[in-house]
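Structure data (compact mmCIF, C-alpha atoms) from data_7.txt:
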```txt
# COMPACT_ATOMS: atom_id res chain seq x y z
CA MET U 1 0.00 0.00 0.00
CA LYS U 2 2.89 2.34 0.78
CA PHE U 3 4.06 2.08 -2.81
CA LEU U 4 0.66 3.37 -4.00
CA TYR U 5 1.40 6.67 -2.23
CA PHE U 6 4.68 6.90 -4.13
CA VAL U 7 2.75 6.23 -7.36
CA LEU U 8 0.24 8.98 -6.57
CA GLY U 9 3.05 11.33 -5.55
CA ALA U 10 4.93 10.69 -8.79
CA LEU U 11 1.78 11.18 -10.87
CA LEU U 12 0.70 14.40 -9.12
CA SER U 13 4.17 15.93 -9.11
CA GLY U 14 4.48 15.05 -12.81
CA ILE U 15 1.16 16.76 -13.59
CA MET U 16 2.25 19.85 -11.62
CA VAL U 17 5.60 19.98 -13.42
CA GLY U 18 3.88 19.57 -16.79
CA ARG U 19 1.27 22.18 -15.95
CA TYR U 20 3.46 24.91 -14.41
CA THR U 21 6.87 24.50 -15.99
CA SER U 22 8.10 24.37 -19.55
CA LEU U 23 9.94 21.08 -19.01
CA ASN U 24 9.80 18.95 -22.11
CA SER U 25 10.27 15.31 -21.13
CA GLY U 26 10.62 14.34 -24.81
CA ASN U 27 10.74 10.60 -25.24
CA LEU U 28 11.70 9.86 -21.63
CA SER U 29 8.36 8.24 -20.77
CA ALA U 30 8.64 5.98 -23.85
CA LEU U 31 12.21 5.12 -22.87
CA MET U 32 11.15 4.25 -19.31
CA LEU U 33 8.30 2.16 -20.67
CA TYR U 34 10.60 0.16 -22.96
CA LEU U 35 13.03 -0.39 -20.09
CA LEU U 36 10.21 -1.64 -17.86
CA ILE U 37 8.85 -3.92 -20.57
CA PHE U 38 12.37 -5.29 -21.06
CA ILE U 39 12.72 -6.08 -17.33
CA ILE U 40 9.25 -7.65 -17.28
CA GLY U 41 10.20 -9.74 -20.33
CA MET U 42 13.39 -10.83 -18.59
CA ASP U 43 11.34 -11.85 -15.54
CA ILE U 44 9.00 -13.90 -17.76
CA GLY U 45 11.93 -15.53 -19.57
CA ARG U 46 13.69 -16.65 -16.40
CA SER U 47 10.52 -17.85 -14.66
CA LYS U 48 9.87 -21.57 -14.61
CA GLY U 49 6.59 -23.20 -15.62
CA LEU U 50 5.57 -20.55 -18.15
CA ARG U 51 3.98 -23.08 -20.51
CA GLU U 52 1.82 -24.45 -17.71
CA GLU U 53 0.79 -20.91 -16.86
CA ILE U 54 -0.43 -20.21 -20.43
CA LYS U 55 -2.27 -23.55 -20.56
CA LYS U 56 -3.89 -22.80 -17.23
CA LEU U 57 -5.21 -19.47 -18.52
CA GLY U 58 -7.29 -21.17 -21.24
CA ARG U 59 -10.73 -19.66 -21.66
CA ILE U 60 -10.16 -16.62 -19.46
CA SER U 61 -7.63 -15.16 -21.93
CA LEU U 62 -10.48 -14.84 -24.46
CA LEU U 63 -13.32 -14.13 -22.05
CA LEU U 64 -11.56 -11.18 -20.47
CA PRO U 65 -11.14 -9.07 -23.65
CA ILE U 66 -14.76 -9.88 -24.62
CA SER U 67 -15.88 -8.67 -21.18
CA THR U 68 -13.86 -5.49 -21.58
CA ILE U 69 -15.34 -4.78 -25.02
CA LEU U 70 -18.94 -5.36 -23.89
CA GLY U 71 -18.47 -3.52 -20.59
CA SER U 72 -16.68 -0.55 -22.15
CA LEU U 73 -19.32 -0.11 -24.86
CA LEU U 74 -22.13 -0.41 -22.34
CA GLY U 75 -20.39 2.05 -19.99
CA GLY U 76 -19.72 4.43 -22.90
CA GLY U 77 -23.36 4.23 -23.99
CA LEU U 78 -24.51 4.99 -20.46
CA ALA U 79 -22.01 7.85 -20.13
CA SER U 80 -23.17 9.44 -23.39
CA PHE U 81 -26.76 9.21 -22.15
CA LEU U 82 -25.79 10.87 -18.85
CA VAL U 83 -23.65 13.70 -20.23
CA GLY U 84 -25.70 14.27 -23.38
CA THR U 85 -23.14 13.48 -26.10
CA PRO U 86 -24.26 11.68 -29.28
CA MET U 87 -24.49 7.90 -28.71
CA LYS U 88 -22.21 7.18 -31.67
CA LEU U 89 -19.49 9.41 -30.18
CA GLY U 90 -19.90 7.79 -26.77
CA LEU U 91 -19.45 4.31 -28.21
CA ALA U 92 -16.45 5.42 -30.30
CA ILE U 93 -14.77 7.00 -27.24
CA SER U 94 -15.26 3.83 -25.22
CA ALA U 95 -13.96 1.70 -28.12
CA GLY U 96 -10.57 3.35 -27.59
CA PHE U 97 -10.19 1.13 -24.49
CA GLY U 98 -7.79 3.62 -22.91
CA TRP U 99 -5.65 4.09 -26.02
CA TYR U 100 -5.80 7.89 -25.97
CA SER U 101 -3.10 8.58 -28.56
CA LEU U 102 -5.18 6.63 -31.10
CA THR U 103 -8.72 7.67 -30.08
CA GLY U 104 -7.96 11.41 -29.95
CA PRO U 105 -6.57 11.76 -33.50
CA LEU U 106 -9.16 9.36 -34.96
CA LEU U 107 -12.10 11.30 -33.49
CA ALA U 108 -10.50 14.67 -34.32
CA GLN U 109 -11.12 13.80 -37.98
CA TYR U 110 -14.84 14.26 -37.27
CA SER U 111 -14.57 17.26 -34.90
CA PRO U 112 -11.72 18.82 -32.87
CA LEU U 113 -13.96 18.74 -29.78
CA TYR U 114 -14.62 15.03 -30.28
CA GLY U 115 -10.85 14.56 -30.52
CA VAL U 116 -10.23 16.36 -27.23
CA ILE U 117 -12.94 14.38 -25.42
CA GLY U 118 -11.71 11.09 -26.94
CA PHE U 119 -8.15 11.89 -25.87
CA LEU U 120 -8.99 13.00 -22.33
CA ALA U 121 -11.55 10.27 -21.58
CA ASN U 122 -9.07 7.55 -22.53
CA LEU U 123 -6.15 9.25 -20.77
CA THR U 124 -8.34 9.42 -17.66
CA ARG U 125 -9.07 5.67 -18.01
CA GLU U 126 -5.35 4.98 -18.01
CA ILE U 127 -4.74 7.24 -15.00
CA PHE U 128 -7.66 5.68 -13.10
CA THR U 129 -6.22 2.22 -13.78
CA ILE U 130 -2.86 3.28 -12.35
CA ILE U 131 -4.50 4.75 -9.25
CA PHE U 132 -7.30 2.26 -8.61
CA TYR U 133 -5.98 -1.17 -9.73
CA PRO U 134 -4.17 -1.70 -6.40
CA VAL U 135 -7.38 -0.81 -4.56
CA VAL U 136 -9.77 -2.79 -6.81
CA ILE U 137 -7.81 -6.06 -6.45
CA LYS U 138 -8.66 -6.10 -2.77
CA LYS U 139 -12.29 -6.79 -3.75
CA ILE U 140 -12.08 -8.34 -7.26
CA PRO U 141 -9.80 -11.21 -8.43
CA LYS U 142 -6.62 -9.61 -9.74
CA GLU U 143 -6.78 -11.32 -13.16
CA LEU U 144 -10.36 -10.09 -13.71
CA ALA U 145 -9.47 -6.56 -12.57
CA VAL U 146 -7.03 -6.41 -15.53
CA SER U 147 -10.07 -5.50 -17.65
CA MET U 148 -10.13 -1.98 -16.24
CA GLY U 149 -6.92 -1.08 -18.11
CA GLY U 150 -8.35 -1.91 -21.56
CA ALA U 151 -5.80 -1.81 -24.37
CA THR U 152 -3.15 -0.28 -22.10
CA THR U 153 -2.57 -3.55 -20.22
CA MET U 154 -0.02 -4.67 -22.82
CA ASP U 155 2.17 -1.58 -22.35
CA SER U 156 1.72 1.52 -20.19
CA THR U 157 -0.28 -0.01 -17.32
CA LEU U 158 1.41 -3.43 -17.52
CA PRO U 159 4.13 -2.47 -14.98
CA ILE U 160 1.58 -1.35 -12.38
CA LEU U 161 -0.48 -4.53 -12.90
CA VAL U 162 2.62 -6.68 -12.48
CA LYS U 163 3.81 -4.69 -9.48
CA PHE U 164 0.54 -5.11 -7.58
CA GLY U 165 -0.93 -8.26 -9.18
CA GLY U 166 2.30 -10.27 -9.39
CA THR U 167 4.32 -11.70 -12.30
CA GLU U 168 1.64 -14.34 -12.94
CA ILE U 169 -0.65 -11.56 -14.20
CA THR U 170 1.78 -10.62 -17.02
CA ILE U 171 0.62 -13.09 -19.68
CA ILE U 172 -3.11 -12.52 -19.23
CA ALA U 173 -2.64 -8.72 -19.12
CA PHE U 174 -0.51 -8.80 -22.25
CA ILE U 175 -2.92 -11.02 -24.23
CA HIS U 176 -5.85 -8.86 -23.07
CA GLY U 177 -4.13 -5.63 -24.12
CA PHE U 178 -2.91 -7.16 -27.38
CA ILE U 179 -6.42 -8.24 -28.49
CA LEU U 180 -7.92 -4.85 -27.63
CA THR U 181 -5.03 -2.97 -29.26
CA ALA U 182 -5.62 -4.98 -32.43
CA LEU U 183 -9.38 -4.23 -32.39
CA ALA U 184 -9.51 -0.54 -31.42
CA PRO U 185 -8.15 0.90 -34.73
CA PHE U 186 -10.95 -0.93 -36.60
CA LEU U 187 -13.75 -0.50 -34.09
CA ILE U 188 -13.55 3.30 -33.64
CA PRO U 189 -13.92 4.21 -37.38
CA LEU U 190 -16.51 1.45 -37.79
CA ILE U 191 -18.70 2.93 -35.04
CA MET U 192 -18.27 6.48 -36.42
CA GLN U 193 -19.41 5.32 -39.85
CA LEU U 194 -22.61 3.71 -38.56
CA MET A 1 4.42 -2.25 -32.26
CA ASN A 2 7.81 -1.24 -30.87
CA ILE A 3 6.73 -2.73 -27.55
CA PHE A 4 7.42 -6.25 -28.86
CA ILE A 5 11.15 -5.57 -29.33
CA PRO A 6 12.07 -4.95 -25.64
CA LEU A 7 9.59 -7.62 -24.52
CA PHE A 8 10.94 -10.42 -26.72
CA LEU A 9 14.52 -9.27 -26.12
CA GLY A 10 13.88 -9.43 -22.36
CA VAL A 11 12.24 -12.87 -22.61
CA ALA A 12 15.13 -14.19 -24.71
CA ILE A 13 17.80 -12.82 -22.34
CA GLY A 14 15.86 -14.03 -19.29
CA TYR A 15 15.50 -17.50 -20.79
CA LEU A 16 19.10 -17.81 -22.04
CA PHE A 17 20.68 -16.51 -18.82
CA LYS A 18 18.15 -18.08 -16.44
CA GLU A 19 20.84 -19.37 -14.09
CA ARG A 20 22.89 -16.15 -13.98
CA LEU A 21 19.96 -13.75 -13.57
CA ARG A 22 19.03 -14.52 -10.01
CA MET A 23 18.94 -10.95 -8.70
CA ASN A 24 15.75 -9.42 -7.32
CA LEU A 25 14.17 -7.27 -10.04
CA ASP A 26 11.60 -5.68 -7.74
CA LYS A 27 13.61 -2.57 -6.80
CA PRO A 28 14.73 -1.54 -10.32
CA LEU A 29 11.18 -2.26 -11.54
CA SER A 30 9.69 0.01 -8.85
CA ALA A 31 12.18 2.83 -9.48
CA ILE A 32 11.64 2.84 -13.24
CA LEU A 33 7.88 2.54 -12.76
CA LEU A 34 7.84 5.69 -10.62
CA LEU A 35 9.89 7.55 -13.23
CA LEU A 36 7.51 6.39 -15.97
CA ILE A 37 4.47 7.58 -14.01
CA PHE A 38 6.16 10.92 -13.31
CA PHE A 39 6.86 11.50 -17.02
CA MET A 40 3.34 10.37 -17.93
CA GLY A 41 2.09 12.97 -15.45
CA VAL A 42 4.26 15.63 -17.11
CA GLU A 43 2.67 14.80 -20.47
CA ALA A 44 -0.84 14.82 -19.01
CA GLY A 45 -0.16 18.14 -17.24
CA ARG A 46 0.83 19.79 -20.50
CA VAL A 47 -2.64 19.20 -21.96
CA GLU A 48 -4.56 22.46 -21.67
CA ILE A 49 -8.11 22.03 -20.46
CA ASP A 50 -10.22 25.15 -20.91
CA ALA A 51 -13.64 23.82 -20.11
CA ALA A 52 -14.40 22.05 -16.87
CA SER A 53 -17.31 20.36 -18.63
CA ILE A 54 -14.92 18.48 -20.95
CA LEU A 55 -13.08 17.23 -17.89
CA ILE A 56 -16.34 16.10 -16.28
CA ILE A 57 -17.39 14.32 -19.51
CA SER A 58 -14.00 12.59 -19.68
CA ILE A 59 -14.13 11.47 -16.06
CA THR A 60 -17.68 10.14 -16.55
CA PHE A 61 -16.60 8.14 -19.59
CA ALA A 62 -13.50 6.78 -17.87
CA ALA A 63 -15.38 5.81 -14.70
CA LEU A 64 -18.26 4.12 -16.53
CA THR A 65 -16.14 2.25 -19.09
CA ILE A 66 -13.99 0.90 -16.25
CA THR A 67 -17.04 -0.03 -14.17
CA GLY A 68 -18.68 -1.71 -17.17
CA SER A 69 -15.53 -3.69 -17.96
CA LEU A 70 -15.18 -4.86 -14.36
CA ALA A 71 -18.87 -5.80 -14.16
CA PHE A 72 -18.70 -7.87 -17.35
CA SER A 73 -15.42 -9.51 -16.36
CA LEU A 74 -17.02 -10.62 -13.09
CA LEU A 75 -20.13 -11.77 -14.95
CA LEU A 76 -18.30 -13.78 -17.63
CA GLY A 77 -14.95 -14.55 -16.00
CA GLY A 78 -16.30 -15.21 -12.54
CA ARG A 79 -18.16 -18.27 -13.84
CA ARG A 80 -15.07 -20.14 -14.94
```

For this file, produce the structure as structure tokens.
Amino acid sequence: MKFLYFVLGALLSGIMVGRYTSLNSGNLSALMLYLLIFIIGMDIGRSKGLREEIKKLGRISLLLPISTILGSLLGGGLASFLVGTPMKLGLAISAGFGWYSLTGPLLAQYSPLYGVIGFLANLTREIFTIIFYPVVIKKIPKELAVSMGGATTMDSTLPILVKFGGTEITIIAFIHGFILTALAPFLIPLIMQL
Amino acid sequence: MNIFIPLFLGVAIGYLFKERLRMNLDKPLSAILLLLIFFMGVEAGRVEIDAASILIISITFAALTITGSLAFSLLLGGRR
């Protein structure tokens, strides 16, 4: 739990620095991400019984992304009803599954405002996953709670899932994120063309 | 898909040097994770938000998509 305070501190101080200084972090976050993914990969490679772990996952590795898709679209539909945005936009935003750098530009093709909302809503999903995953796994099985991260569970939120959920969560989180990452670029334009 | 390069490289190195790589990776992982979150925060902080309503809409979408995903994962995955 103590580490969560460090996470929140790092996130808040980063936001403050970004907001009130002209510091340009450039590609540092990408570099950190690649380094983390490398270490996680190394941990997977040296762990024993990996094959058994993948076999054990079985059905859940497919059920989890399906749950995330259905749940995100339903949540997005409900959100658009509550805040009064067009239903099509709401579904398209939720079909980003947290991938803000894709959803923002894709929706900006239809309207700059749509782009901003698509970007921020998905960025917020990622931030909420970072903050709340450690809390949610106290109530919900850690492998099922992976669904909250959407497409980001294969990259940016993977380290936090592994840190709090354990190394055994890596494969399921990666497969989950991979499937959603593969679907989002098709699903968003498809919904907008309906 | 640059993410695959460090991942597969890490898996390969971890697998090939399984016996030599016995050190605890928890501390470097935590340190780099905090740096990553800090820099992600810097990027998020640089996004100018003029209207509070856009922020409220974004938070509503994020909260409900996460809640929906968790509810469906419990509904489908919980019955394994």

* Hey, list the chain A side of the contact with chain U: 6 Å cut-off, all atoms listed in the file, answer as an NGL selection string. => :A and (6-7 or 10-11 or 14-15 or 18 or 36-39 or 41-42 or 45-46 or 58 or 61-62 or 64-66 or 68-69 or 72-73)

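For the pair CA of Ala173 in chain U and CA of Ile54 in chain A, the interatomic distance is 29.9 Å.
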
* Structure fact -> The distance between CA of Phe8 in chain A and CA of Leu161 in chain U is 18.9 Å

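Computed from the coordinates, the CA of Lys138 in chain U to CA of Met23 in chain A distance equals 28.6 Å.
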
* To do: Choose the residue, out of U:Gly165, U:Pro189, U:Pro105, U:Pro86, that has the smallest atom-to-atom separation from Tyr133 in chain U; count all atoms listed in the file.
  => U:Gly165
